[in-house]
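Enquirer: I have a structure here, written as structure tokens, and I will follow up with some questions on it.
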Amino acid sequence: MDQFAFREGCTYGTVLVDIEAGRVVDILPDRTSETFAAWLTEHPGAEIICRDRASAYTKAVREAAPRPLEFADRWHLLQNLSAAVEKTCHQHRDCLRKRAEEETVTEVPEPPPMLLPPAELPRTQIIERTHHRYEDIHRLLEKH
């Protein structure tokens with residue numbers, strides 16, 4: 001389950017999906033705990049609920065379907081993780097900046113250039129003709 005926007009910033013709903021069947025089960029007109037709790041009461045038997053961490057959904061599951069296993073979906077876990085990493089980096093930006101400056105002071109030798117073999121083009125008629133013209137032009141230039 002997840003929320004979605006009927007109209008961004010104004011009206012939101014809830015989409016319920018059966019992941020095993022790969023189909024939408026229902027669309028709720030809002031994202032309130034009352035609406036979702038009523039739906040759960042009318043449709044008993046949910047064994048697993050994968051959802052975001054919205055408190056309204058938590059409340060609805062606790063009230064109307066206390067037995068299912070609940071999981072946070074991957075997208076919301078990654079969103080929460082990235083927010084936590086960003087917050088931590090922001091809190092420690094001074095020591096991170098100092099460490100970065102220390103690392104830039106030490107000179108790292110530049111790696112030697114990689115020597116790649118010359119690219120070989122397939123022998124097609126147009127490539128052969130182009131090579132011959134190139135050679136002809138250079139022969140003419142050498143004569144002058």
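Convention: chains lettered A, B, ... in structure tokens order; per-chain residue numbering from 1; ligands numbered from 1 as shown.
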With a distance cut-off of 9 Å and only C-alpha atoms, select the neighbouring residues of Gln3 of chain A, excluding the residue or stretch itself and same-chain residues fewer than 6 positions from it, and output the selection as number ranges by chain.
Expert: A: 12-16, 30-31, 52
Enquirer: Just the strand (DSSP E or B) stuff from segment 11-140 of chain A, please, per backbone DSSP, written as a PyMOL selection string.
Expert: chain A and resi 11-18+23-28+48-51+69-72
Enquirer: Tell me, in Å to one decimal, how far atom CA of Leu77 of chain A is from atom CA of Ala54 of chain A.
Expert: 12.4 Å
Enquirer: Could you pull out the residues in chain A that DSSP calls helix (DSSP H, G or I) from the backbone, as a PyMOL selection string?
Expert: chain A and resi 33-42+55-64+74-91+93-105+125-143
Enquirer: For atom CA of Ile48 of chain A and atom CA of Ile27 of chain A, quote the distance in Å rounded to one decimal.
Expert: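 These two atoms are separated by 17.9 Å.
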